[in-house]
Amino acid sequence: MNQAQLISAQWIWTGPGQLLRDHALLVREGHIAEVAPRSHFAGRNCSETHYSRHIITPGLINAHTHLELGYLHNQLPAGPFVPWVVQLMAKYPQADAMAATVHDAVTRGVIESLRGGVTCVGDITKQTPHARAALAGTPIRAVSFGELQAIGARRSLLDARLVTAVDGTHAESRLTIGVSPHAPYTVDGLALQDICNDTRCAEMPLCMHLAELPEEADFLRDLSGALRAPYDSIGTAWVLDDSVPRHPGGPIAWAKQFGLLNRIAPTLLAHVNYASDDDLAMLAANRNVAVVYCPRTRAFFGHDAVTPHRYREMLARGINVCLGTDSLASNPDLHLLREAQLLHQRDATPAETLLAMLTVQPARALGLHGLGTLTPTSSADVAVFEIDSTAHAVESLVANAPTATAVYINGTRVQA
Ligand SMILES: [Zn+2]
């Protein structure tokens, strides 16, 4: 889009604390060139698209999802994690159906994301060639985290798995490559250390599921507890050999010991559902570390009945907390605003705080410069939502969680 255009609305939220009335964005060559009152642009020779009862926000960023698992929508029971993951493994598509299943799930997931105003996803994939090819065929922006497992007797497979996980064949300006060591019960400390020290990964965004489950502490201490069950159920407990380092201090201290919390590149910790005061202090020590809280998925697995998520204390300590949906295998939809809506209704968390957790905070967490705010030189990734014009615009947006009226990526409208 080379020709300059104006996108204007009753309200534009350009970033935290910046709600502008009757303003317009001047968009040129995919970027924001100017933000000013509509009257400022009178007489300019460029087209204007005006949204009269709407709020424009930066395109929303879903910091944690697995689009390829969309084929499991409504297929798995709510409740404890271990039975869920055993069923998930039993439902993997056959090898000859994998490419088509992943392509279909990713494509549908992108459409659903765009409908919710999401212009960028932090997407975890175990099927990297298929998922990245599918993402590259859509307009959405993505950080594609190649997921891998490497534990005990299978740690020797790490290097080959890393080659696949960080493969950049489909990388381009909209598709960034990241790496995702899966979780503390599938990647052991030595493998995690190798990933953190690997020169291919050192500057990449990294995402790991961490402190999602209370059972992680038992597994890390002596390979016992409920997280051993998936290995027993599929007959792979033999991989859990003496080479797996035992760690008594829980997953956050474990992650620190093996280098995950010392990275110089963006490091996202998915969930952190269980964290002590000492854990929060460790997370707050490195501003490259972010937490992704997935409220509806957390509720699906029953963690809210055990203890509330400490996201507000994390924010108060300066930890970068973002919101994510996680996958359709544990969430009813990919409509990111509904995660914020839940916290607004349940916890009375201010709408402004929540909107930052969908925009500027995930942009920083994923290492995406020029996204998450609408300021000159930002990419013109924009979402437009109809709001109740009698209410405060940001309040109305978060309270009602509407679908998007329009979405622009790099200044091009991609969804009606
Ligand atoms: Zn996940």
# chains A, B, ... in the order shown; residues from 1 in each chain; ligands from 1
$ residues_around --residues "Ala150 in chain A" --least-positions-apart "4" --cutoff "12 Å" --atoms "only C-alpha atoms" --output "PyMOL selection string"
chain A and resi 154-162+180-195+239-240+243-244
$ residues_near_ligand --ligand "ligand 1" --cutoff "7 Å" --atoms "only C-alpha atoms and all ligand atoms" --output "tab-separated table (two decimals) with N, CA and C atoms, in the first residue's frame"
chain	number	residue	atom	x	y	z
A	64	HIS	N	0.10	-16.29	23.33
A	64	HIS	CA	0.31	-17.75	23.45
A	64	HIS	C	-0.87	-18.53	22.89
A	65	THR	N	-0.62	-19.22	21.80
A	65	THR	CA	-1.63	-20.11	21.25
A	65	THR	C	-0.93	-21.25	20.54
A	66	HIS	N	-1.71	-22.24	20.16
A	66	HIS	CA	-1.21	-23.35	19.34
A	66	HIS	C	-2.28	-23.51	18.26
A	209	HIS	N	6.35	-23.54	28.48
A	209	HIS	CA	5.31	-23.73	29.49
A	209	HIS	C	6.02	-23.94	30.83
A	270	ALA	N	4.83	-19.46	29.62
A	270	ALA	CA	3.39	-19.63	29.49
A	270	ALA	C	2.81	-20.16	30.80
A	326	ASP	N	-4.13	-19.67	24.71
A	326	ASP	CA	-3.75	-21.07	24.57
A	326	ASP	C	-4.58	-21.66	23.42
A	327	SER	N	-4.67	-23.00	23.33
A	327	SER	CA	-5.25	-23.57	22.11
A	327	SER	C	-6.74	-23.87	22.24
$ residues_around --residues "Thr405 in chain A" --least-positions-apart "3" --cutoff "10 Å" --atoms "only C-alpha atoms" --output "PyMOL selection string"
chain A and resi 51+54-56+115-117+383-386+402+415-416
$ closest_atom_pairs --of "range 7-28 of chain A" --to "range 346-353 of chain A" --cutoff "12 Å" --atoms "only C-alpha atoms" --output "JSON lines"
{"residue": "A:Trp13", "atom": "CA", "partner": "A:Glu352", "partner_atom": "CA", "distance": 9.7}
{"residue": "A:Thr14", "atom": "CA", "partner": "A:Glu352", "partner_atom": "CA", "distance": 11.5}
{"residue": "A:Gly15", "atom": "CA", "partner": "A:Glu352", "partner_atom": "CA", "distance": 9.2}
{"residue": "A:Pro16", "atom": "CA", "partner": "A:Glu352", "partner_atom": "CA", "distance": 6.7}
{"residue": "A:Gly17", "atom": "CA", "partner": "A:Glu352", "partner_atom": "CA", "distance": 7.5}
{"residue": "A:Gln18", "atom": "CA", "partner": "A:Glu352", "partner_atom": "CA", "distance": 9.8}
{"residue": "A:Leu19", "atom": "CA", "partner": "A:Glu352", "partner_atom": "CA", "distance": 9.9}
$ residues_around --residues "Gln341 in chain A" --least-positions-apart "5" --cutoff "9 Å" --atoms "only C-alpha atoms" --output "MDAnalysis selection string"
chainID A and resid 336 346 351 354 397:401
$ write_last_selection --atoms "all heavy atoms" --output "PDB file, in the first residue's frame"
ATOM      1  N   LEU A 336      -9.441 -13.140  21.761  1.00  0.00           N
ATOM      2  CA  LEU A 336      -8.539 -12.711  22.828  1.00  0.00           C
ATOM      3  C   LEU A 336      -9.186 -11.715  23.795  1.00  0.00           C
ATOM      4  O   LEU A 336      -8.920 -11.746  25.001  1.00  0.00           O
ATOM      5  CB  LEU A 336      -7.278 -12.101  22.203  1.00  0.00           C
ATOM      6  CG  LEU A 336      -6.176 -11.683  23.166  1.00  0.00           C
ATOM      7  CD1 LEU A 336      -5.584 -12.889  23.880  1.00  0.00           C
ATOM      8  CD2 LEU A 336      -5.068 -10.937  22.412  1.00  0.00           C
ATOM      9  N   ARG A 346     -14.449 -10.375  36.595  1.00  0.00           N
ATOM     10  CA  ARG A 346     -14.191 -11.156  37.807  1.00  0.00           C
ATOM     11  C   ARG A 346     -13.378 -10.386  38.841  1.00  0.00           C
ATOM     12  O   ARG A 346     -13.665 -10.432  40.037  1.00  0.00           O
ATOM     13  CB  ARG A 346     -13.446 -12.448  37.428  1.00  0.00           C
ATOM     14  CG  ARG A 346     -13.285 -13.428  38.592  1.00  0.00           C
ATOM     15  CD  ARG A 346     -12.333 -14.547  38.234  1.00  0.00           C
ATOM     16  NE  ARG A 346     -10.961 -14.065  38.095  1.00  0.00           N
ATOM     17  CZ  ARG A 346      -9.975 -14.768  37.532  1.00  0.00           C
ATOM     18  NH1 ARG A 346     -10.219 -15.965  37.038  1.00  0.00           N
ATOM     19  NH2 ARG A 346      -8.750 -14.257  37.455  1.00  0.00           N
ATOM     20  N   ALA A 351      -9.834  -1.658  32.637  1.00  0.00           N
ATOM     21  CA  ALA A 351      -9.826  -1.967  31.203  1.00  0.00           C
ATOM     22  C   ALA A 351      -8.523  -1.506  30.552  1.00  0.00           C
ATOM     23  O   ALA A 351      -7.979  -2.175  29.667  1.00  0.00           O
ATOM     24  CB  ALA A 351     -11.024  -1.307  30.528  1.00  0.00           C
ATOM     25  N   LEU A 354      -5.783  -3.951  31.122  1.00  0.00           N
ATOM     26  CA  LEU A 354      -5.986  -5.170  30.328  1.00  0.00           C
ATOM     27  C   LEU A 354      -5.669  -4.934  28.856  1.00  0.00           C
ATOM     28  O   LEU A 354      -5.089  -5.801  28.191  1.00  0.00           O
ATOM     29  CB  LEU A 354      -7.428  -5.664  30.514  1.00  0.00           C
ATOM     30  CG  LEU A 354      -7.715  -6.148  31.941  1.00  0.00           C
ATOM     31  CD1 LEU A 354      -9.217  -6.234  32.189  1.00  0.00           C
ATOM     32  CD2 LEU A 354      -7.048  -7.505  32.193  1.00  0.00           C
ATOM     33  N   LEU A 397     -15.094  -1.337  25.271  1.00  0.00           N
ATOM     34  CA  LEU A 397     -14.385  -2.353  24.473  1.00  0.00           C
ATOM     35  C   LEU A 397     -14.137  -3.617  25.302  1.00  0.00           C
ATOM     36  O   LEU A 397     -14.457  -4.734  24.873  1.00  0.00           O
ATOM     37  CB  LEU A 397     -13.053  -1.778  23.981  1.00  0.00           C
ATOM     38  CG  LEU A 397     -12.146  -2.761  23.252  1.00  0.00           C
ATOM     39  CD1 LEU A 397     -12.762  -3.164  21.918  1.00  0.00           C
ATOM     40  CD2 LEU A 397     -10.754  -2.153  23.038  1.00  0.00           C
ATOM     41  N   VAL A 398     -13.581  -3.448  26.494  1.00  0.00           N
ATOM     42  CA  VAL A 398     -13.200  -4.617  27.293  1.00  0.00           C
ATOM     43  C   VAL A 398     -14.440  -5.270  27.918  1.00  0.00           C
ATOM     44  O   VAL A 398     -14.537  -6.504  27.994  1.00  0.00           O
ATOM     45  CB  VAL A 398     -12.162  -4.215  28.361  1.00  0.00           C
ATOM     46  CG1 VAL A 398     -11.862  -5.367  29.302  1.00  0.00           C
ATOM     47  CG2 VAL A 398     -10.879  -3.728  27.676  1.00  0.00           C
ATOM     48  N   ALA A 399     -15.403  -4.458  28.335  1.00  0.00           N
ATOM     49  CA  ALA A 399     -16.599  -5.018  28.977  1.00  0.00           C
ATOM     50  C   ALA A 399     -17.426  -5.840  27.994  1.00  0.00           C
ATOM     51  O   ALA A 399     -18.003  -6.863  28.351  1.00  0.00           O
ATOM     52  CB  ALA A 399     -17.440  -3.900  29.578  1.00  0.00           C
ATOM     53  N   ASN A 400     -17.475  -5.397  26.736  1.00  0.00           N
ATOM     54  CA  ASN A 400     -18.350  -6.063  25.755  1.00  0.00           C
ATOM     55  C   ASN A 400     -17.609  -7.021  24.834  1.00  0.00           C
ATOM     56  O   ASN A 400     -18.232  -7.872  24.201  1.00  0.00           O
ATOM     57  CB  ASN A 400     -19.093  -5.015  24.921  1.00  0.00           C
ATOM     58  CG  ASN A 400     -19.997  -4.150  25.789  1.00  0.00           C
ATOM     59  OD1 ASN A 400     -20.703  -4.661  26.651  1.00  0.00           O
ATOM     60  ND2 ASN A 400     -19.940  -2.845  25.595  1.00  0.00           N
ATOM     61  N   ALA A 401     -16.292  -6.886  24.711  1.00  0.00           N
ATOM     62  CA  ALA A 401     -15.480  -7.773  23.874  1.00  0.00           C
ATOM     63  C   ALA A 401     -16.123  -8.036  22.506  1.00  0.00           C
ATOM     64  O   ALA A 401     -16.373  -9.183  22.135  1.00  0.00           O
ATOM     65  CB  ALA A 401     -15.203  -9.090  24.600  1.00  0.00           C
TER      66      ALA A 401
END
$ select_by_dssp --residues "range 261-359 of chain A" --states "alpha helix (DSSP H)" --output "MDAnalysis selection string"
chainID A and resid 277:284 295:300 311:316 337:347 351:356
$ write_last_selection --atoms "N, CA and C atoms" --output "compact mmCIF listing (two decimals), in the first residue's frame"
# COMPACT_ATOMS: atom_id res chain seq x y z
N ASP A 277 6.46 -16.18 46.50
CA ASP A 277 7.06 -14.84 46.52
C ASP A 277 8.49 -14.89 45.99
N ASP A 278 9.24 -15.92 46.38
CA ASP A 278 10.62 -16.05 45.87
C ASP A 278 10.62 -16.21 44.35
N ASP A 279 9.65 -16.98 43.85
CA ASP A 279 9.55 -17.17 42.39
C ASP A 279 9.31 -15.82 41.69
N LEU A 280 8.40 -15.02 42.26
CA LEU A 280 8.11 -13.73 41.63
C LEU A 280 9.35 -12.85 41.62
N ALA A 281 10.12 -12.89 42.68
CA ALA A 281 11.35 -12.09 42.72
C ALA A 281 12.33 -12.55 41.63
N MET A 282 12.41 -13.86 41.40
CA MET A 282 13.31 -14.35 40.34
C MET A 282 12.81 -13.90 38.96
N LEU A 283 11.50 -13.91 38.75
CA LEU A 283 10.95 -13.50 37.45
C LEU A 283 11.15 -12.01 37.22
N ALA A 284 11.07 -11.24 38.30
CA ALA A 284 11.17 -9.78 38.16
C ALA A 284 12.60 -9.31 37.89
N PRO A 295 -6.35 -16.90 30.92
CA PRO A 295 -7.36 -17.04 31.97
C PRO A 295 -8.39 -18.14 31.73
N ARG A 296 -8.93 -18.23 30.52
CA ARG A 296 -10.01 -19.22 30.34
C ARG A 296 -9.45 -20.64 30.29
N THR A 297 -8.23 -20.80 29.75
CA THR A 297 -7.61 -22.12 29.79
C THR A 297 -7.27 -22.52 31.22
N ARG A 298 -6.82 -21.56 32.01
CA ARG A 298 -6.52 -21.85 33.42
C ARG A 298 -7.78 -22.32 34.15
N ALA A 299 -8.90 -21.68 33.84
CA ALA A 299 -10.16 -22.09 34.46
C ALA A 299 -10.57 -23.48 33.98
N PHE A 300 -10.33 -23.76 32.69
CA PHE A 300 -10.68 -25.07 32.10
C PHE A 300 -10.00 -26.21 32.86
N TYR A 311 -1.35 -12.55 38.71
CA TYR A 311 -0.92 -11.61 37.67
C TYR A 311 -0.85 -10.16 38.15
N ARG A 312 -1.74 -9.78 39.07
CA ARG A 312 -1.70 -8.38 39.53
C ARG A 312 -0.46 -8.11 40.38
N GLU A 313 -0.07 -9.10 41.18
CA GLU A 313 1.18 -8.93 41.95
C GLU A 313 2.39 -8.93 41.00
N MET A 314 2.32 -9.73 39.96
CA MET A 314 3.41 -9.73 38.97
C MET A 314 3.54 -8.34 38.34
N LEU A 315 2.40 -7.79 37.91
CA LEU A 315 2.43 -6.46 37.30
C LEU A 315 2.99 -5.43 38.28
N ALA A 316 2.57 -5.53 39.53
CA ALA A 316 3.03 -4.57 40.54
C ALA A 316 4.54 -4.66 40.76
N LEU A 337 -10.01 -10.81 23.27
CA LEU A 337 -10.63 -9.81 24.14
C LEU A 337 -11.45 -10.46 25.25
N ARG A 338 -11.95 -11.66 25.01
CA ARG A 338 -12.75 -12.32 26.05
C ARG A 338 -11.89 -12.73 27.24
N GLU A 339 -10.59 -12.90 27.05
CA GLU A 339 -9.71 -13.15 28.20
C GLU A 339 -9.67 -11.91 29.09
N ALA A 340 -9.58 -10.75 28.45
CA ALA A 340 -9.58 -9.49 29.21
C ALA A 340 -10.94 -9.25 29.85
N GLN A 341 -11.99 -9.55 29.10
CA GLN A 341 -13.36 -9.35 29.60
C GLN A 341 -13.56 -10.14 30.90
N LEU A 342 -13.06 -11.38 30.92
CA LEU A 342 -13.21 -12.22 32.12
C LEU A 342 -12.55 -11.56 33.33
N LEU A 343 -11.33 -11.05 33.14
CA LEU A 343 -10.61 -10.45 34.27
C LEU A 343 -11.25 -9.12 34.70
N HIS A 344 -11.81 -8.43 33.72
CA HIS A 344 -12.49 -7.16 34.03
C HIS A 344 -13.73 -7.44 34.89
N GLN A 345 -14.48 -8.46 34.49
CA GLN A 345 -15.71 -8.79 35.23
C GLN A 345 -15.38 -9.42 36.58
N ARG A 346 -14.45 -10.38 36.59
CA ARG A 346 -14.19 -11.16 37.81
C ARG A 346 -13.38 -10.39 38.84
N ASP A 347 -12.34 -9.68 38.36
CA ASP A 347 -11.39 -9.05 39.28
C ASP A 347 -11.49 -7.53 39.31
N ALA A 351 -9.83 -1.66 32.64
CA ALA A 351 -9.83 -1.97 31.20
C ALA A 351 -8.52 -1.51 30.55
N GLU A 352 -8.04 -0.37 30.99
CA GLU A 352 -6.80 0.18 30.42
C GLU A 352 -5.61 -0.76 30.67
N THR A 353 -5.54 -1.30 31.89
CA THR A 353 -4.48 -2.26 32.25
C THR A 353 -4.57 -3.49 31.33
N LEU A 354 -5.78 -3.95 31.12
CA LEU A 354 -5.99 -5.17 30.33
C LEU A 354 -5.67 -4.93 28.86
N LEU A 355 -6.05 -3.75 28.34
CA LEU A 355 -5.76 -3.48 26.93
C LEU A 355 -4.24 -3.43 26.69
N ALA A 356 -3.50 -2.93 27.66
CA ALA A 356 -2.03 -2.95 27.54
C ALA A 356 -1.51 -4.39 27.51
$ residues_around --residues "Ala4 in chain A" --least-positions-apart "6" --cutoff "7 Å" --atoms "only C-alpha atoms" --output "VMD selection string"
chain A and resid 26 to 28 46
$ residues_around --residues "range 369-380 of chain A" --least-positions-apart "3" --cutoff "7 Å" --atoms "only C-alpha atoms" --output "list in words"
Thr14, Gly15, Val27, Gly30, His31, Ile32, Ala33, Glu34, Val35, Pro58, Gly59, Thr359, Val360, Ala363, Tyr408, Ile409, Asn410 and Gly411 of chain A
$ write_last_selection --atoms "N, CA, C and O atoms" --output "CSV table (one decimal), in the first residue's frame"
chain,number,residue,atom,x,y,z
A,14,THR,N,-4.0,4.9,21.3
A,14,THR,CA,-2.7,4.7,20.6
A,14,THR,C,-1.7,4.0,21.5
A,14,THR,O,-0.7,3.5,21.1
A,15,GLY,N,-2.0,3.9,22.8
A,15,GLY,CA,-1.2,3.2,23.8
A,15,GLY,C,-1.7,3.6,25.2
A,15,GLY,O,-2.6,4.4,25.3
A,27,VAL,N,-1.6,6.8,7.2
A,27,VAL,CA,-0.9,5.6,6.9
A,27,VAL,C,-0.2,5.7,5.6
A,27,VAL,O,-0.9,6.0,4.6
A,30,GLY,N,2.5,1.2,4.7
A,30,GLY,CA,2.4,0.2,5.7
A,30,GLY,C,2.7,0.7,7.1
A,30,GLY,O,2.6,-0.1,8.1
A,31,HIS,N,3.0,1.9,7.3
A,31,HIS,CA,3.4,2.4,8.6
A,31,HIS,C,2.5,3.7,8.9
A,31,HIS,O,2.0,4.3,8.1
A,32,ILE,N,2.4,3.9,10.2
A,32,ILE,CA,1.8,5.2,10.7
A,32,ILE,C,2.7,6.3,10.4
A,32,ILE,O,3.9,6.3,10.9
A,33,ALA,N,2.3,7.3,9.7
A,33,ALA,CA,3.1,8.5,9.4
A,33,ALA,C,2.8,9.6,10.3
A,33,ALA,O,3.7,10.4,10.7
A,34,GLU,N,1.5,9.7,10.7
A,34,GLU,CA,1.1,10.8,11.6
A,34,GLU,C,-0.2,10.4,12.3
A,34,GLU,O,-1.0,9.7,11.8
A,35,VAL,N,-0.3,11.0,13.5
A,35,VAL,CA,-1.6,10.8,14.3
A,35,VAL,C,-2.0,12.2,14.7
A,35,VAL,O,-1.2,12.9,15.4
A,58,PRO,N,-4.3,-0.6,18.5
A,58,PRO,CA,-3.3,-1.4,17.9
A,58,PRO,C,-3.8,-2.8,17.7
A,58,PRO,O,-4.6,-3.2,18.5
A,59,GLY,N,-3.5,-3.4,16.6
A,59,GLY,CA,-3.9,-4.8,16.4
A,59,GLY,C,-3.5,-5.6,17.7
A,59,GLY,O,-2.5,-5.5,18.2
A,359,THR,N,-1.6,-5.6,23.9
A,359,THR,CA,-1.0,-4.8,22.9
A,359,THR,C,0.5,-4.5,23.1
A,359,THR,O,1.3,-5.3,22.7
A,360,VAL,N,0.7,-3.5,23.9
A,360,VAL,CA,2.1,-3.0,24.1
A,360,VAL,C,3.0,-4.1,24.8
A,360,VAL,O,4.1,-4.3,24.5
A,363,ALA,N,3.8,-7.1,22.6
A,363,ALA,CA,4.8,-6.7,21.6
A,363,ALA,C,6.2,-6.7,22.2
A,363,ALA,O,7.1,-7.3,21.5
A,408,TYR,N,-6.5,-4.1,10.0
A,408,TYR,CA,-5.5,-3.8,9.0
A,408,TYR,C,-4.1,-4.3,9.4
A,408,TYR,O,-3.8,-4.3,10.6
A,409,ILE,N,-3.4,-4.9,8.5
A,409,ILE,CA,-2.0,-5.3,8.8
A,409,ILE,C,-1.1,-4.7,7.8
A,409,ILE,O,-1.4,-4.7,6.6
A,410,ASN,N,-0.1,-4.0,8.2
A,410,ASN,CA,0.8,-3.2,7.3
A,410,ASN,C,-0.1,-2.2,6.5
A,410,ASN,O,0.2,-2.0,5.3
A,411,GLY,N,-1.1,-1.7,7.1
A,411,GLY,CA,-2.0,-0.7,6.4
A,411,GLY,C,-2.9,-1.3,5.4
A,411,GLY,O,-3.7,-0.5,4.8
$ residues_around --residues "range 96-100 of chain A" --least-positions-apart "2" --cutoff "9 Å" --atoms "only C-alpha atoms" --output "count of residues only"
11
$ closest_residue --among "A:Gln87, A:Asn286, A:Thr128, A:Asn45" --to "Ile234 in chain A" --atoms "only C-alpha atoms"
A:Gln87
$ closest_atom_pairs --of "range 243-347 of chain A" --to "range 67-79 of chain A" --cutoff "6 Å" --atoms "only C-alpha atoms" --output "Markdown table"
| residue | atom | partner | partner_atom | distance |
| --- | --- | --- | --- | --- |
| A:Phe300 | CA | A:Ala78 | CA | 5.3 |
| A:Phe301 | CA | A:Gly79 | CA | 4.8 |
| A:Gly302 | CA | A:Gly79 | CA | 5.8 |
| A:Leu328 | CA | A:His73 | CA | 4.9 |
| A:Ala329 | CA | A:Leu72 | CA | 4.9 |
$ select_by_dssp --residues "range 79-301 of chain A" --states "strand (DSSP E or B)" --output "PDB file with C-alpha atoms, in the first residue's frame"
ATOM      1  CA  VAL A 118      -5.862 -10.136  16.621  1.00  0.00           C
ATOM      2  CA  THR A 119      -3.200  -9.192  14.072  1.00  0.00           C
ATOM      3  CA  CYS A 120      -0.298 -11.104  15.600  1.00  0.00           C
ATOM      4  CA  VAL A 121       0.076 -14.456  17.330  1.00  0.00           C
ATOM      5  CA  GLY A 122       2.782 -16.111  19.392  1.00  0.00           C
ATOM      6  CA  ASP A 123       2.092 -19.528  17.915  1.00  0.00           C
ATOM      7  CA  ILE A 124       3.585 -22.777  19.206  1.00  0.00           C
ATOM      8  CA  THR A 125       4.011 -25.563  16.674  1.00  0.00           C
ATOM      9  CA  ARG A 141       1.769 -11.603  11.689  1.00  0.00           C
ATOM     10  CA  ALA A 142       3.306 -14.382  13.785  1.00  0.00           C
ATOM     11  CA  VAL A 143       6.178 -15.444  15.935  1.00  0.00           C
ATOM     12  CA  SER A 144       6.264 -19.178  15.207  1.00  0.00           C
ATOM     13  CA  PHE A 145       7.836 -21.064  18.114  1.00  0.00           C
ATOM     14  CA  GLY A 146       9.135 -24.474  17.065  1.00  0.00           C
ATOM     15  CA  GLU A 147       8.345 -26.782  19.954  1.00  0.00           C
ATOM     16  CA  LEU A 148      10.653 -29.565  20.968  1.00  0.00           C
ATOM     17  CA  ALA A 150      14.418 -33.584  24.878  1.00  0.00           C
ATOM     18  CA  GLU A 172       9.821 -13.134   6.354  1.00  0.00           C
ATOM     19  CA  LEU A 175       6.807 -14.402  10.245  1.00  0.00           C
ATOM     20  CA  THR A 176       9.518 -14.512  12.896  1.00  0.00           C
ATOM     21  CA  ILE A 177      11.017 -17.769  14.119  1.00  0.00           C
ATOM     22  CA  GLY A 178      11.256 -18.669  17.792  1.00  0.00           C
ATOM     23  CA  VAL A 179      12.009 -21.806  19.784  1.00  0.00           C
ATOM     24  CA  SER A 180       9.918 -23.523  22.427  1.00  0.00           C
ATOM     25  CA  PRO A 181      11.338 -26.102  24.797  1.00  0.00           C
ATOM     26  CA  VAL A 187      12.766 -31.077  28.503  1.00  0.00           C
ATOM     27  CA  LEU A 206      11.790 -18.403  23.360  1.00  0.00           C
ATOM     28  CA  CYS A 207       8.599 -19.676  24.942  1.00  0.00           C
ATOM     29  CA  MET A 208       8.281 -22.413  27.542  1.00  0.00           C
ATOM     30  CA  HIS A 209       5.307 -23.732  29.486  1.00  0.00           C
ATOM     31  CA  LEU A 210       6.427 -23.211  33.074  1.00  0.00           C
ATOM     32  CA  THR A 267      11.624 -15.160  26.978  1.00  0.00           C
ATOM     33  CA  LEU A 268       7.963 -15.984  27.465  1.00  0.00           C
ATOM     34  CA  LEU A 269       6.806 -18.226  30.268  1.00  0.00           C
ATOM     35  CA  ALA A 270       3.390 -19.635  29.489  1.00  0.00           C
ATOM     36  CA  HIS A 271       0.998 -19.782  32.444  1.00  0.00           C
ATOM     37  CA  VAL A 289      11.217 -12.435  30.925  1.00  0.00           C
ATOM     38  CA  ALA A 290       7.462 -12.188  30.406  1.00  0.00           C
ATOM     39  CA  VAL A 291       4.551 -14.210  31.742  1.00  0.00           C
ATOM     40  CA  VAL A 292       1.612 -15.187  29.557  1.00  0.00           C
ATOM     41  CA  TYR A 293      -1.556 -15.693  31.530  1.00  0.00           C
TER      42      TYR A 293
END
